[in-house]
Amino acid sequence: MGSLARAYGRPLAALIIGITVLWILALIVVPLGAMVEQSLWWKESAGETSLTIDRLYNDIATLQLDRDSATDTEKQAALDAEIVAKQAQATELEASEKNPRKIYGLANFTRMSELHIYIFVRTIFYALLVTLLALVVCYPLAYAVALASGPRKTVVLTVALIVPYAINELLRVYAWLMILDYRGVINGVLGWLGVVDLDNRGWIPFLENPSAVFVAMIYTYVLFMVFPMVNTLETLDRNQIEAARDLGATSWRIHRRVIIPHAKPGIAVGCIMTFMLSAGSYSVPQIMTRGQGGDWFSQLVYRQFYESNNWNMGSAYAVSLLVVCTLFILLMMRLFGVGLRDIAK
Amino acid sequence: MRGKDVRLDKVAIRFGGTTAVQPTDLAIEAGEFFSILGPSGCGKTTLLRTISGFIEPSDGRVLIGGEDMAGKGPNERPTALIFQNLALFPLMSVAENVAFGLEARGVRKRQRLARAEELLALVALEGYGGKMPSDLSGGQRQRVAIARALAVEPSVLLLDEPLSALDLKLRQHMRAELRAIQKRVGITFIYITHDQGEALTMSDRVAVMSRGRIEQVASADSIYADPATPFVSTFVGEQNVFPGTVVSANANEAVVETPVGKVSGRPKGALAPGAPVLVMVRPERLALDGRRENSFPARLAERHLEGASVNLVFEAKERRILAVVPNGPAARDLPEEMTLSFGRSDAMVYPEGPLANG
Ligand SMILES: Nc1ncnc2c1ncn2[C@@H]1O[C@H](COP(=O)(O)OP(=O)(O)O)[C@@H](O)[C@H]1O
Ligand SMILES: [Mg+2]
């Protein structure tokens, strides 16, 4: 703080700190805090309360009858007292029925049904698979782009990669839908070639396979894998590759011992981004399966919010996903032996 | 380790339309410390990369130990290249760096690390195996690069200006070190540099290169004392250049009309009367008196004390003339107007041609 003030002067330093605090508040603390808070409580179920109230009024009516038929004054007084007590309880409950009680606890997390847990695990598995596939696809691509010689070649390759991403994500996903649909581009071509018989519904049902979602997802998020990798690979001194070759190393060994270790931070960042995006992707599975195929967890979260209208449960689901993603980041950083500092590079 | 000879047979290298190396014949002996000296951009690296196999020559053949290297990649040649920036692997320890070539050859870990330790000892870096390259000084990294290259037991070590990143003191130290290592291992060293000091102090023989062409191949002494062309003459060491025209010439003597008068010198090449020529005299060959054959008046403009010697800058007929004399009483309290002279054998007369730096 002192050094900041010395470097920029007091007013500017205050401004910088102010902006930083605001940034942290607006981007991290407030949204995350709200979500976590939401996930940690639930409203006492209103249905039960009204049942209890009904029961109380029944009791009161019975007591009233008893009181009216009673002759003993002592007994009458006792029943009167009981009626007043029940009435007070009912009034209290009526108030809480209109404004149910908040209860804090972890129940939102523990109440997840078995099916939802299964979907959660499957989503994480799918996201890992997408990440792995994207990595396999992107490494050669990033390598080619990064080490392409001549400015022209790099420009062409970069444009070829960026142009698809200038198109809106939804459009890109719908495009894949059209390609893979029953009467889509691929089946169309196959039909034209006589491989499948479209008239008798003899098409290949690409969309019914989870891999359709994979394909669209890899296509949608591939850039987030490629760019960090290209960035780190571009900083690799080509002489190192030549030196390794000169010392007799095979291409495989050069990749394993020289290039991949150098690209590790980029690979880690790419994997983290791709994993986070695909684990949390809503539009791709929703569009590709038209909401009919195996659910992804993000779709469950959506439904908790907007169909079950249970925001607390939805928040708990979202927080669970966030926790797993964070664990994944830490694991990747551990696995690749990279620190935050390397990633920031 | 045994050195092998390297022969270039009419090797030419072109990149698209431009010729980086003109057709070149060169014979480098086995076990020789051979330098290729030339200004930057003259094609040295290209030539070296051709020998190491990263570039296939557009024409001609490269022979190493009598064997034609055509079609052989860098990993199939008995050469090892030390890069200008060393290209150590920054994420591997020093020992792993040195052992990398052996790792690529499938040598067991224990054996290759033992060998790496031996090689580190050879370059006076015992016990540094566990460090990372970034922990070492420039000179130490230099030696790691040498050890790494030697690990694959090359017959020819190719060095691309490996000292250029070091500071002057270290550079001078490493010159002696490199020369000693070469003597110890006995293999052929081909060393390229734009620094004449390096080439002259270390090499058995030097090739001077200019614009993709080798101008002269000779021992360091003859390169300095008997340069073959105006380029070599001016690139290696200092020269006083007097342009002129030939008055008369035979095999042993040429008389030339120059701005400082008629002078005579040794002809380097066929000279006909009237031909434009360049007369060159080394600064240390100029005498501060009029007693030699060729004398002319000059005015002392600057005096720079170098320590053991003194650099004197004169002006004669609007030309700057440099004389280097030993420091002593004779080099002090000089009058402003003087007569300088040089002997007939101190002057070399070249047919007009390109000079170094302009
Ligand atoms: N890969 C290449 N493509 C095109 N031109 C090149 C290439 N490599 C070198 N050159 C050209 O060849 C000439 C010699 O370069 P180089 O061998 O690197 O010189 P030096 O090592 O003597 O400084 C230069 O003009 C350079 O621009
Ligand atoms: Mg060079």
# chains A, B, ... in the order shown; residues from 1 in each chain; ligands from 1
call {"tool": "residues_near_ligand", "arguments": {"ligand": "ligand 2", "cutoff": "9 Å", "atoms": "only C-alpha atoms and all ligand atoms", "output": "JSON, numbers by chain"}}
result
{"B": [40, 41, 42, 43, 44, 45, 46, 48, 84, 160, 161, 192, 193, 194]}
call {"tool": "residues_near_ligand", "arguments": {"ligand": "ligand 1", "cutoff": "12 Å", "atoms": "only C-alpha atoms and all ligand atoms", "output": "ChimeraX atom specification"}}
result
/A:149-150 /B:12-22,36-50,54-56,83-84,159-162,191-195,208-214
call {"tool": "write_last_selection", "arguments": {"atoms": "C-alpha atoms", "output": "PDB file, in the first residue's frame"}}
result
ATOM      1  CA  SER A 149       6.903 -20.394 -40.451  1.00  0.00           C
ATOM      2  CA  GLY A 150       6.283 -17.199 -42.289  1.00  0.00           C
TER       3      GLY A 150
ATOM      4  CA  ALA B  12      25.610 -23.580 -53.006  1.00  0.00           C
ATOM      5  CA  ILE B  13      22.568 -22.621 -50.949  1.00  0.00           C
ATOM      6  CA  ARG B  14      19.670 -20.610 -52.255  1.00  0.00           C
ATOM      7  CA  PHE B  15      16.518 -19.458 -50.484  1.00  0.00           C
ATOM      8  CA  GLY B  16      13.953 -18.883 -53.174  1.00  0.00           C
ATOM      9  CA  GLY B  17      15.571 -16.377 -55.479  1.00  0.00           C
ATOM     10  CA  THR B  18      18.386 -15.209 -53.199  1.00  0.00           C
ATOM     11  CA  THR B  19      21.676 -17.003 -52.948  1.00  0.00           C
ATOM     12  CA  ALA B  20      22.881 -17.227 -49.355  1.00  0.00           C
ATOM     13  CA  VAL B  21      26.023 -19.204 -50.154  1.00  0.00           C
ATOM     14  CA  GLN B  22      27.747 -19.053 -53.546  1.00  0.00           C
ATOM     15  CA  ILE B  36      34.721 -19.170 -40.517  1.00  0.00           C
ATOM     16  CA  LEU B  37      34.936 -15.427 -40.069  1.00  0.00           C
ATOM     17  CA  GLY B  38      32.681 -12.887 -41.700  1.00  0.00           C
ATOM     18  CA  PRO B  39      30.309 -10.021 -41.049  1.00  0.00           C
ATOM     19  CA  SER B  40      26.802 -10.830 -39.966  1.00  0.00           C
ATOM     20  CA  GLY B  41      24.524 -11.845 -42.824  1.00  0.00           C
ATOM     21  CA  CYS B  42      27.314 -13.229 -44.992  1.00  0.00           C
ATOM     22  CA  GLY B  43      26.000 -16.788 -44.808  1.00  0.00           C
ATOM     23  CA  LYS B  44      28.002 -18.342 -41.981  1.00  0.00           C
ATOM     24  CA  THR B  45      25.066 -19.810 -40.116  1.00  0.00           C
ATOM     25  CA  THR B  46      23.587 -21.080 -43.354  1.00  0.00           C
ATOM     26  CA  LEU B  47      26.834 -22.838 -44.174  1.00  0.00           C
ATOM     27  CA  LEU B  48      27.069 -24.353 -40.713  1.00  0.00           C
ATOM     28  CA  ARG B  49      23.478 -25.546 -40.792  1.00  0.00           C
ATOM     29  CA  THR B  50      24.203 -27.154 -44.132  1.00  0.00           C
ATOM     30  CA  PHE B  54      19.369 -28.768 -41.077  1.00  0.00           C
ATOM     31  CA  ILE B  55      19.631 -27.414 -44.613  1.00  0.00           C
ATOM     32  CA  GLU B  56      20.144 -29.490 -47.738  1.00  0.00           C
ATOM     33  CA  PHE B  83      23.614 -22.842 -31.105  1.00  0.00           C
ATOM     34  CA  GLN B  84      24.204 -19.139 -30.943  1.00  0.00           C
ATOM     35  CA  LEU B 159      29.823 -23.819 -33.043  1.00  0.00           C
ATOM     36  CA  ASP B 160      27.667 -20.868 -34.090  1.00  0.00           C
ATOM     37  CA  GLU B 161      29.053 -17.741 -32.434  1.00  0.00           C
ATOM     38  CA  PRO B 162      28.728 -19.366 -29.042  1.00  0.00           C
ATOM     39  CA  TYR B 191      33.712 -22.310 -35.310  1.00  0.00           C
ATOM     40  CA  ILE B 192      31.892 -19.412 -36.878  1.00  0.00           C
ATOM     41  CA  THR B 193      32.174 -15.867 -35.676  1.00  0.00           C
ATOM     42  CA  HIS B 194      32.060 -12.280 -36.772  1.00  0.00           C
ATOM     43  CA  ASP B 195      34.737 -11.440 -34.207  1.00  0.00           C
ATOM     44  CA  VAL B 208      37.061 -15.316 -44.316  1.00  0.00           C
ATOM     45  CA  MET B 209      33.620 -15.039 -45.827  1.00  0.00           C
ATOM     46  CA  SER B 210      31.826 -12.163 -47.476  1.00  0.00           C
ATOM     47  CA  ARG B 211      28.443 -12.091 -49.192  1.00  0.00           C
ATOM     48  CA  GLY B 212      28.108 -15.836 -49.402  1.00  0.00           C
ATOM     49  CA  ARG B 213      31.599 -16.356 -50.741  1.00  0.00           C
ATOM     50  CA  ILE B 214      34.775 -17.576 -49.087  1.00  0.00           C
TER      51      ILE B 214
END
call {"tool": "atom_distance", "arguments": {"atom1": "atom CA of A:Ala61", "atom2": "atom CA of A:Ala77"}}
result
15.9 Å
call {"tool": "residues_around", "arguments": {"residues": "B:Asp9", "least_positions_apart": "4", "cutoff": "8 Å", "atoms": "only C-alpha atoms", "output": "list in words"}}
result
Thr24, Asp25, Leu26, Gly60, Arg61, Val62 and Leu63 of chain B
call {"tool": "residues_around", "arguments": {"residues": "B:Leu122", "least_positions_apart": "6", "cutoff": "12 Å", "atoms": "only C-alpha atoms", "output": "mmCIF file with N, CA and C atoms, in the first residue's frame"}}
result
data_model
loop_
_atom_site.group_PDB
_atom_site.id
_atom_site.type_symbol
_atom_site.label_atom_id
_atom_site.label_comp_id
_atom_site.auth_asym_id
_atom_site.auth_seq_id
_atom_site.Cartn_x
_atom_site.Cartn_y
_atom_site.Cartn_z
ATOM 1 N N VAL B 98 22.893 -32.562 -20.344
ATOM 2 C CA VAL B 98 24.098 -33.179 -20.888
ATOM 3 C C VAL B 98 23.792 -34.608 -21.332
ATOM 4 N N ARG B 115 27.954 -40.723 -17.220
ATOM 5 C CA ARG B 115 28.686 -40.127 -18.349
ATOM 6 C C ARG B 115 28.555 -38.598 -18.314
ATOM 7 N N ALA B 116 27.367 -38.117 -17.967
ATOM 8 C CA ALA B 116 27.159 -36.672 -17.894
ATOM 9 C C ALA B 116 28.097 -36.066 -16.855
ATOM 10 N N ARG B 143 29.570 -23.817 -21.072
ATOM 11 C CA ARG B 143 30.273 -25.091 -20.918
ATOM 12 C C ARG B 143 29.300 -26.262 -20.877
ATOM 13 N N VAL B 144 28.096 -26.019 -20.319
ATOM 14 C CA VAL B 144 27.086 -27.082 -20.330
ATOM 15 C C VAL B 144 26.724 -27.420 -21.775
ATOM 16 N N ILE B 146 28.565 -27.163 -24.350
ATOM 17 C CA ILE B 146 29.661 -27.924 -24.955
ATOM 18 C C ILE B 146 29.609 -29.372 -24.484
ATOM 19 N N ALA B 147 29.407 -29.549 -23.180
ATOM 20 C CA ALA B 147 29.336 -30.908 -22.642
ATOM 21 C C ALA B 147 28.173 -31.669 -23.270
ATOM 22 N N ARG B 148 27.036 -30.998 -23.436
ATOM 23 C CA ARG B 148 25.867 -31.649 -24.016
ATOM 24 C C ARG B 148 26.154 -32.117 -25.443
ATOM 25 N N LEU B 150 29.168 -32.721 -26.678
ATOM 26 C CA LEU B 150 30.215 -33.746 -26.690
ATOM 27 C C LEU B 150 29.686 -35.108 -26.253
ATOM 28 N N ALA B 151 28.566 -35.096 -25.521
ATOM 29 C CA ALA B 151 28.028 -36.354 -24.990
ATOM 30 C C ALA B 151 27.698 -37.351 -26.091
ATOM 31 N N GLU B 177 39.645 -21.562 -23.096
ATOM 32 C CA GLU B 177 38.990 -22.771 -22.621
ATOM 33 C C GLU B 177 38.573 -23.668 -23.783
ATOM 34 N N LEU B 178 37.938 -23.046 -24.783
ATOM 35 C CA LEU B 178 37.469 -23.798 -25.951
ATOM 36 C C LEU B 178 38.636 -24.467 -26.658
ATOM 37 N N ALA B 180 41.438 -25.275 -25.402
ATOM 38 C CA ALA B 180 41.972 -26.362 -24.574
ATOM 39 C C ALA B 180 41.088 -27.597 -24.678
ATOM 40 N N ILE B 181 39.772 -27.387 -24.664
ATOM 41 C CA ILE B 181 38.852 -28.527 -24.775
ATOM 42 C C ILE B 181 39.047 -29.214 -26.116
ATOM 43 N N GLN B 182 39.216 -28.414 -27.163
ATOM 44 C CA GLN B 182 39.410 -28.997 -28.497
ATOM 45 C C GLN B 182 40.669 -29.856 -28.529
ATOM 46 N N LYS B 183 41.735 -29.345 -27.920
ATOM 47 C CA LYS B 183 42.998 -30.105 -27.864
ATOM 48 C C LYS B 183 42.785 -31.410 -27.103
ATOM 49 N N ARG B 184 42.026 -31.335 -26.003
ATOM 50 C CA ARG B 184 41.812 -32.499 -25.164
ATOM 51 C C ARG B 184 41.014 -33.589 -25.890
ATOM 52 N N VAL B 185 39.910 -33.170 -26.570
ATOM 53 C CA VAL B 185 39.066 -34.194 -27.178
ATOM 54 C C VAL B 185 39.519 -34.555 -28.587
#
call {"tool": "interface_residues", "arguments": {"of": "chain B", "to": "chain A", "cutoff": "10 Å", "atoms": "only C-alpha atoms", "output": "MDAnalysis selection string"}}
result
chainID B and resid 52:54 73:92 97 99:106 148:152 154
call {"tool": "residues_around", "arguments": {"residues": "stretch 316-320 of chain A", "least_positions_apart": "5", "cutoff": "9 Å", "atoms": "only C-alpha atoms", "output": "list of chain:residue names"}}
result
A:Leu32, A:Met35, A:Val36, A:Gln38, A:Ser39, A:Leu40, A:Leu106, A:Asn108, A:Phe109, A:Met112, A:Phe120, A:Gly280, A:Phe297, A:Ser298, A:Leu300, A:Val301, A:Gln304, A:Trp311, A:Cys325
call {"tool": "residues_around", "arguments": {"residues": "A:Leu180", "least_positions_apart": "5", "cutoff": "12 Å", "atoms": "only C-alpha atoms", "output": "PyMOL selection string"}}
result
chain A and resi 173-175+185-190+203-209+211-213+215-216+287-289
call {"tool": "atom_distance", "arguments": {"atom1": "atom CA of B:Pro259", "atom2": "atom CA of B:Glu315"}}
result
11.9 Å
call {"tool": "residues_around", "arguments": {"residues": "B:Ala95", "least_positions_apart": "4", "cutoff": "8 Å", "atoms": "only C-alpha atoms", "output": "mmCIF file with C-alpha atoms, in the first residue's frame"}}
result
data_model
loop_
_atom_site.group_PDB
_atom_site.id
_atom_site.type_symbol
_atom_site.label_atom_id
_atom_site.label_comp_id
_atom_site.auth_asym_id
_atom_site.auth_seq_id
_atom_site.Cartn_x
_atom_site.Cartn_y
_atom_site.Cartn_z
ATOM 1 C CA ALA B 99 22.636 -36.690 -20.871
ATOM 2 C CA LEU B 113 24.076 -39.726 -15.717
ATOM 3 C CA ALA B 116 27.159 -36.672 -17.894
ATOM 4 C CA GLU B 117 29.126 -36.270 -14.702
ATOM 5 C CA TYR B 128 26.744 -28.867 -11.078
ATOM 6 C CA GLY B 129 24.583 -31.672 -12.485
ATOM 7 C CA GLY B 130 21.688 -31.065 -10.123
ATOM 8 C CA LYS B 131 21.346 -27.368 -10.885
#
call {"tool": "closest_residue", "arguments": {"among": "B:Gly343, B:Pro267, B:Pro335, B:Pro283", "to": "B:Ser295", "atoms": "only C-alpha atoms"}}
result
B:Gly343
call {"tool": "select_by_dssp", "arguments": {"residues": "stretch 141-343 of chain B", "states": "strand (DSSP E or B)", "output": "number ranges by chain"}}
result
B: 156-160, 188-193, 205-210, 213-218, 240-249, 254-258, 261-267, 276-281, 287, 294-305, 309-316, 319-326, 337-342
call {"tool": "atom_distance", "arguments": {"atom1": "atom CA of A:Arg67", "atom2": "atom CA of A:Thr49"}}
result
26.6 Å
